[in-house]
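See below for target-v3.cif, which holds mmCIF, C-alpha atoms.
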data_upload
#
loop_
_atom_site.label_atom_id
_atom_site.label_comp_id
_atom_site.auth_asym_id
_atom_site.auth_seq_id
_atom_site.Cartn_x
_atom_site.Cartn_y
_atom_site.Cartn_z
CA ALA A 21 -10.38 14.18 -8.24
CA GLN A 22 -7.04 13.02 -6.97
CA SER A 23 -4.88 10.88 -9.20
CA VAL A 24 -1.30 9.66 -9.38
CA THR A 25 0.68 8.84 -12.50
CA GLN A 26 3.86 6.83 -12.61
CA PRO A 27 4.90 7.07 -16.26
CA ASP A 28 7.52 4.33 -16.14
CA ILE A 29 6.15 0.81 -15.85
CA HIS A 30 9.56 -0.86 -15.80
CA ILE A 31 13.06 0.53 -15.27
CA THR A 32 16.34 -1.34 -15.50
CA VAL A 33 19.57 0.02 -14.04
CA SER A 34 23.02 -1.33 -13.31
CA GLU A 35 24.12 -1.76 -9.73
CA GLY A 36 25.88 1.41 -8.56
CA ALA A 37 24.06 3.64 -11.04
CA SER A 38 21.82 6.48 -9.95
CA LEU A 39 18.05 6.14 -10.02
CA GLU A 40 15.09 8.44 -10.49
CA LEU A 41 11.51 7.18 -10.43
CA ARG A 42 8.88 9.62 -11.60
CA CYS A 43 5.59 10.43 -9.94
CA ASN A 44 3.06 13.07 -10.98
CA TYR A 45 -0.05 13.83 -8.98
CA SER A 46 -3.27 15.68 -9.53
CA TYR A 47 -4.83 17.33 -6.51
CA GLY A 48 -6.39 20.74 -5.90
CA ALA A 49 -4.85 21.48 -2.52
CA THR A 50 -1.55 20.65 -0.85
CA PRO A 51 -1.09 16.92 -1.29
CA TYR A 52 0.22 14.44 1.18
CA LEU A 53 2.62 12.24 -0.75
CA PHE A 54 4.11 8.85 -0.05
CA TRP A 55 6.52 6.41 -1.64
CA TYR A 56 6.18 2.74 -0.79
CA VAL A 57 8.33 -0.21 -1.87
CA GLN A 58 7.13 -3.77 -2.28
CA SER A 59 9.42 -6.76 -2.67
CA PRO A 60 7.94 -9.78 -4.49
CA GLY A 61 5.18 -11.44 -2.47
CA GLN A 62 5.59 -8.99 0.40
CA GLY A 63 3.64 -6.13 1.91
CA LEU A 64 4.34 -2.47 1.28
CA GLN A 65 7.05 -0.66 3.20
CA LEU A 66 7.03 3.11 3.59
CA LEU A 67 10.16 4.70 2.13
CA LEU A 68 9.34 8.34 2.81
CA LYS A 69 6.52 10.86 2.96
CA TYR A 70 5.95 14.55 2.37
CA PHE A 71 3.42 16.55 4.35
CA SER A 72 4.85 20.08 4.42
CA GLY A 73 8.05 22.02 4.96
CA ASP A 74 11.33 21.18 3.27
CA THR A 75 10.58 19.97 -0.23
CA LEU A 76 13.51 17.53 -0.22
CA VAL A 77 12.58 14.56 1.91
CA GLN A 78 14.99 11.90 3.15
CA GLY A 79 13.81 8.36 3.59
CA ILE A 80 15.06 4.94 4.53
CA LYS A 81 17.57 2.87 2.55
CA GLY A 82 19.27 5.98 1.14
CA PHE A 83 16.25 7.20 -0.83
CA GLU A 84 15.14 10.79 -1.14
CA ALA A 85 12.31 12.54 -2.96
CA GLU A 86 11.71 16.10 -4.03
CA PHE A 87 8.30 17.78 -4.04
CA LYS A 88 7.92 20.25 -6.90
CA ARG A 89 4.58 22.00 -6.73
CA SER A 90 5.06 23.78 -10.07
CA GLN A 91 5.50 20.43 -11.83
CA SER A 92 3.03 18.46 -9.66
CA SER A 93 5.80 15.95 -9.15
CA PHE A 94 7.30 13.91 -6.34
CA ASN A 95 10.18 11.99 -7.89
CA LEU A 96 12.13 9.39 -5.96
CA ARG A 97 15.92 9.31 -6.23
CA LYS A 98 18.85 7.25 -5.05
CA PRO A 99 22.46 8.09 -5.91
CA SER A 100 23.72 4.50 -6.07
CA VAL A 101 21.41 1.52 -6.49
CA HIS A 102 22.04 -1.81 -4.79
CA TRP A 103 20.85 -5.17 -6.12
CA SER A 104 18.53 -5.44 -3.10
CA ASP A 105 16.62 -2.37 -4.34
CA ALA A 106 14.99 -4.47 -7.06
CA ALA A 107 11.28 -4.25 -6.24
CA GLU A 108 8.01 -2.55 -7.15
CA TYR A 109 7.72 1.11 -6.17
CA PHE A 110 4.40 2.84 -5.58
CA CYS A 111 3.75 6.55 -5.27
CA ALA A 112 0.57 7.50 -3.41
CA VAL A 113 -1.36 10.65 -2.54
CA GLY A 114 -3.69 11.22 0.38
CA ALA A 115 -5.99 14.02 1.47
CA TYR A 116 -7.78 15.25 4.58
CA ASN A 117 -11.26 14.73 3.21
CA THR A 118 -10.90 11.03 2.60
CA ASP A 119 -9.74 7.88 4.35
CA LYS A 120 -8.14 6.73 1.15
CA LEU A 121 -4.69 6.61 -0.32
CA ILE A 122 -4.65 6.88 -4.10
CA PHE A 123 -1.88 4.73 -5.54
CA GLY A 124 -0.06 5.05 -8.82
CA THR A 125 0.23 2.00 -11.03
CA GLY A 126 3.75 1.29 -9.81
CA THR A 127 7.22 1.11 -11.32
CA ARG A 128 9.07 -2.16 -11.38
CA LEU A 129 12.80 -1.72 -10.80
CA GLN A 130 15.23 -4.30 -12.07
CA VAL A 131 18.91 -4.09 -11.09
CA PHE A 132 21.67 -5.74 -13.09
CA PRO A 133 25.02 -6.61 -11.51
CA ASP B 17 7.16 -1.08 16.77
CA THR B 18 5.44 -0.50 13.44
CA GLU B 19 4.41 -4.07 12.78
CA VAL B 20 1.19 -5.33 11.32
CA THR B 21 0.87 -9.11 11.35
CA GLN B 22 -1.32 -11.22 9.10
CA THR B 23 -2.26 -14.88 9.25
CA PRO B 24 -2.17 -17.15 7.43
CA LYS B 25 0.64 -16.34 4.98
CA HIS B 26 -0.89 -18.60 2.34
CA LEU B 27 -4.38 -19.98 1.90
CA VAL B 28 -5.86 -22.35 -0.65
CA MET B 29 -9.62 -22.77 -0.63
CA GLY B 30 -12.36 -24.22 -2.73
CA MET B 31 -15.30 -22.22 -3.95
CA THR B 32 -17.60 -23.72 -1.32
CA ASN B 33 -15.29 -23.21 1.64
CA LYS B 34 -15.50 -20.68 4.44
CA LYS B 35 -12.25 -19.25 5.72
CA SER B 36 -11.02 -16.15 7.56
CA LEU B 37 -8.01 -13.90 7.27
CA LYS B 38 -6.69 -12.26 10.39
CA CYS B 39 -4.81 -9.01 10.92
CA GLU B 40 -3.37 -7.63 14.14
CA GLN B 41 -1.58 -4.44 15.18
CA HIS B 42 -0.40 -3.21 18.56
CA MET B 43 0.51 0.34 17.65
CA GLY B 44 -2.63 1.86 19.13
CA HIS B 45 -3.91 2.70 15.67
CA ARG B 46 -7.63 3.37 15.36
CA ALA B 47 -8.02 2.82 11.62
CA MET B 48 -7.54 -0.49 9.83
CA TYR B 49 -7.81 -1.34 6.15
CA TRP B 50 -8.21 -4.31 3.84
CA TYR B 51 -6.73 -4.15 0.36
CA LYS B 52 -6.76 -6.63 -2.51
CA GLN B 53 -3.76 -6.73 -4.82
CA LYS B 54 -3.56 -8.60 -8.11
CA ALA B 55 -0.21 -9.34 -9.71
CA LYS B 56 1.59 -6.31 -11.16
CA LYS B 57 -1.16 -3.95 -9.94
CA PRO B 58 -1.40 -1.45 -7.09
CA PRO B 59 -3.42 -2.34 -3.99
CA GLU B 60 -7.16 -1.76 -4.30
CA LEU B 61 -8.96 -0.58 -1.20
CA MET B 62 -11.76 -2.87 -0.02
CA PHE B 63 -12.77 -1.75 3.48
CA VAL B 64 -11.83 0.81 6.10
CA TYR B 65 -12.62 0.58 9.80
CA SER B 66 -12.30 3.73 11.85
CA TYR B 67 -12.69 3.44 15.62
CA GLU B 68 -14.03 -0.08 15.09
CA LYS B 69 -16.82 1.09 12.82
CA LEU B 70 -16.96 0.34 9.10
CA SER B 71 -16.41 3.69 7.39
CA ILE B 72 -15.73 2.63 3.82
CA ASN B 73 -16.93 -0.33 1.78
CA GLU B 74 -15.71 0.01 -1.80
CA SER B 75 -18.68 -1.90 -3.23
CA VAL B 76 -17.06 -5.21 -2.35
CA PRO B 77 -19.14 -8.36 -3.06
CA SER B 78 -20.91 -9.81 -0.01
CA ARG B 79 -18.82 -12.98 -0.20
CA PHE B 80 -16.22 -10.85 1.61
CA SER B 81 -17.31 -9.92 5.12
CA PRO B 82 -15.08 -7.76 7.33
CA GLU B 83 -15.15 -7.73 11.09
CA CYS B 84 -13.34 -5.55 13.64
CA PRO B 85 -13.72 -7.22 17.07
CA ASN B 86 -11.54 -4.61 18.78
CA SER B 87 -9.15 -1.82 17.91
CA SER B 88 -6.21 -4.21 17.44
CA LEU B 89 -7.86 -6.91 15.35
CA LEU B 90 -9.32 -7.04 11.90
CA ASN B 91 -10.76 -10.12 10.23
CA LEU B 92 -11.90 -10.81 6.71
CA HIS B 93 -14.38 -13.67 6.42
CA LEU B 94 -14.48 -15.41 3.06
CA HIS B 95 -17.34 -17.51 1.72
CA ALA B 96 -18.18 -18.89 -1.71
CA LEU B 97 -15.28 -17.15 -3.39
CA GLN B 98 -14.57 -17.24 -7.11
CA PRO B 99 -11.24 -18.06 -8.78
CA GLU B 100 -10.89 -14.40 -9.77
CA ASP B 101 -10.72 -13.57 -6.06
CA SER B 102 -7.27 -15.15 -5.95
CA ALA B 103 -4.89 -12.36 -4.96
CA LEU B 104 -2.65 -10.98 -2.22
CA TYR B 105 -4.78 -9.56 0.59
CA LEU B 106 -3.09 -6.80 2.50
CA CYS B 107 -4.03 -5.33 5.83
CA ALA B 108 -2.91 -1.89 6.91
CA SER B 109 -3.38 0.40 9.88
CA SER B 110 -2.98 4.10 10.61
CA GLN B 111 -3.40 6.31 13.66
CA VAL B 112 -6.77 7.56 12.52
CA GLY B 113 -8.74 7.09 9.36
CA SER B 114 -7.43 9.94 7.32
CA GLY B 115 -5.77 10.08 3.95
CA VAL B 116 -2.98 12.14 5.44
CA GLU B 117 -1.89 9.49 7.90
CA THR B 118 0.85 7.00 7.13
CA GLN B 119 -0.54 3.54 6.56
CA TYR B 120 1.54 0.62 7.80
CA PHE B 121 1.08 -2.58 5.86
CA GLY B 122 1.28 -6.21 6.85
CA PRO B 123 3.04 -8.84 4.74
CA GLY B 124 -0.21 -10.05 3.22
CA THR B 125 -2.05 -13.34 2.79
CA ARG B 126 -1.64 -15.01 -0.59
CA LEU B 127 -5.05 -16.51 -1.42
CA LEU B 128 -5.68 -19.09 -4.11
CA VAL B 129 -9.27 -20.06 -4.90
CA LEU B 130 -9.70 -23.32 -6.79
#
Let me see the file written as structure tokens.
Amino acid sequence: AQSVTQPDIHITVSEGASLELRCNYSYGATPYLFWYVQSPGQGLQLLLKYFSGDTLVQGIKGFEAEFKRSQSSFNLRKPSVHWSDAAEYFCAVGAYNTDKLIFGTGTRLQVFP
Amino acid sequence: DTEVTQTPKHLVMGMTNKKSLKCEQHMGHRAMYWYKQKAKKPPELMFVYSYEKLSINESVPSRFSPECPNSSLLNLHLHALQPEDSALYLCASSQVGSGVETQYFGPGTRLLVL
């Protein structure tokens, strides 16, 4: 069965520092991977997605993620965090044989000035 | 335009009330979804409509009744809800109902059941 693990429940960084949010997936075939961001009380916004091809994916707001098949990981990175990046981040995996997205439990990012 | 709209933004209802949540998209998507999200948790899938037919019901209690009048509209009818049903209700859409398609989410309806 598909599953997604986000090991970090809560991360705190200083503004301007680099960021890496971890995501590990479990899926038998090539996964379709997504990162979404959710500001408090808001809906989810797609940051980036990986379907195939180049394993380094660029997204909106300066985010990127790298797919590493050998590690079953799809970690999200940003070189310099802004205070407005404070939000909840969800990694998700999808598959052809289902209508569903499987979400991780989320990582809450707090940014200090 | 990748916008999904939801109304109302906030809703307070008593346990004997009947209310409806509305979701609309004009992206030509043929799959629409309802999710329930409790605080500090990921969204939980409730229903999926694909080509206006209900394709997934995640064993949701019958007090929640979805409806898809056309390919652009999705409603969620609420009746005799419980306080534990208080949550953020999110609507999403995708081109077709497949786990490999990007889902676009609306801003949600914040529901409080008293």
For chain A, report every residue with an atom at most 9 Å from chain B (counting all atoms listed in the file), formatted as a list in words.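 Going by the stated atoms only, the list reads Pro51, Tyr52, Leu53, Phe54, Gly61, Gln62, Gly63, Leu64, Gln65, Leu66, Lys69, Phe71, Glu108, Phe110, Val113, Gly114, Ala115, Tyr116, Asn117, Thr118, Asp119, Lys120, Leu121, Ile122, Phe123, Gly124, Thr125, Gly126 and Arg128 of chain A.
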Using the chain letters and numbers from the file, which residues does the PyMOL selection byres ((chain B and resi 39) around 6) grab, as number ranges by chain? B: 21-22, 38, 40, 89-90
Give me, please, the distance in Å between atom CA of A:Ala49 and atom CA of A:Ser92, quoted to one decimal.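 Calculated distance between atom CA of A:Ala49 and atom CA of A:Ser92 is 11.1 Å.
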Rank nothing, just name the residue among A:Thr25, A:Gln130, A:Ser72, A:Ser38 nearest to A:Ser93, using only C-alpha atoms. A:Thr25
Would you write out, as a list in words, every residue that the PyMOL selection byres ((chain B and resi 101) around 9) captures in this file? Lys52, Lys54, Leu97, Gln98, Pro99, Glu100, Ser102, Ala103, Leu127, Leu128 and Val129 of chain B
Dump C-alpha atoms for the selected residues as a PDB file, in the frame of the given file?
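The new file out.pdb reads:
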ATOM      1  CA  LYS B  52      -6.760  -6.630  -2.510  1.00  0.00           C
ATOM      2  CA  LYS B  54      -3.560  -8.600  -8.110  1.00  0.00           C
ATOM      3  CA  LEU B  97     -15.280 -17.150  -3.390  1.00  0.00           C
ATOM      4  CA  GLN B  98     -14.570 -17.240  -7.110  1.00  0.00           C
ATOM      5  CA  PRO B  99     -11.240 -18.060  -8.780  1.00  0.00           C
ATOM      6  CA  GLU B 100     -10.890 -14.400  -9.770  1.00  0.00           C
ATOM      7  CA  SER B 102      -7.270 -15.150  -5.950  1.00  0.00           C
ATOM      8  CA  ALA B 103      -4.890 -12.360  -4.960  1.00  0.00           C
ATOM      9  CA  LEU B 127      -5.050 -16.510  -1.420  1.00  0.00           C
ATOM     10  CA  LEU B 128      -5.680 -19.090  -4.110  1.00  0.00           C
ATOM     11  CA  VAL B 129      -9.270 -20.060  -4.900  1.00  0.00           C
TER      12      VAL B 129
END
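If you look at atom CA of B:Glu19 and atom CA of B:Leu92, they are 18.7 Å away from each other.
What the PyMOL selection byres ((chain A and resi 40-44) around 6) grabs from this file is Val24, Thr25, Gln26, Leu39, Tyr45, Ser92, Ser93, Phe94, Asn95, Leu96 and Arg97 of chain A.
One distance worth recording is that between atom CA of B:Trp50 and atom CA of A:Cys111, which is 18.5 Å.
Within 7 Å of stretch 32-36 of chain B, once only C-alpha atoms are used and residues closer than 3 positions along the same chain are dropped, the contacting residues are B:Met29, B:Asn91, B:Leu92, B:His93, B:Leu94, B:His95, B:Ala96.
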Non-local contacts of stretch 76-84 of chain A (6 Å; all atoms listed in the file; under 2 positions in same chain excluded) as a VMD selection string: chain A and resid 67 to 68 74 86 96 to 98
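Counting all atoms listed in the file, the residue from A:Val33, A:Arg89, A:Ala112, A:Ala21 that sits nearest to A:Thr50 is A:Arg89.
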Which residues come within 8 Å of A:Leu129, counting only C-alpha atoms, excluding same-chain residues fewer than 4 positions away, as a list in words?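 The neighbour list is His30, Ile31, Thr32, Val33, Asp105, Ala106, Ala107, Glu108 and Tyr109 of chain A.
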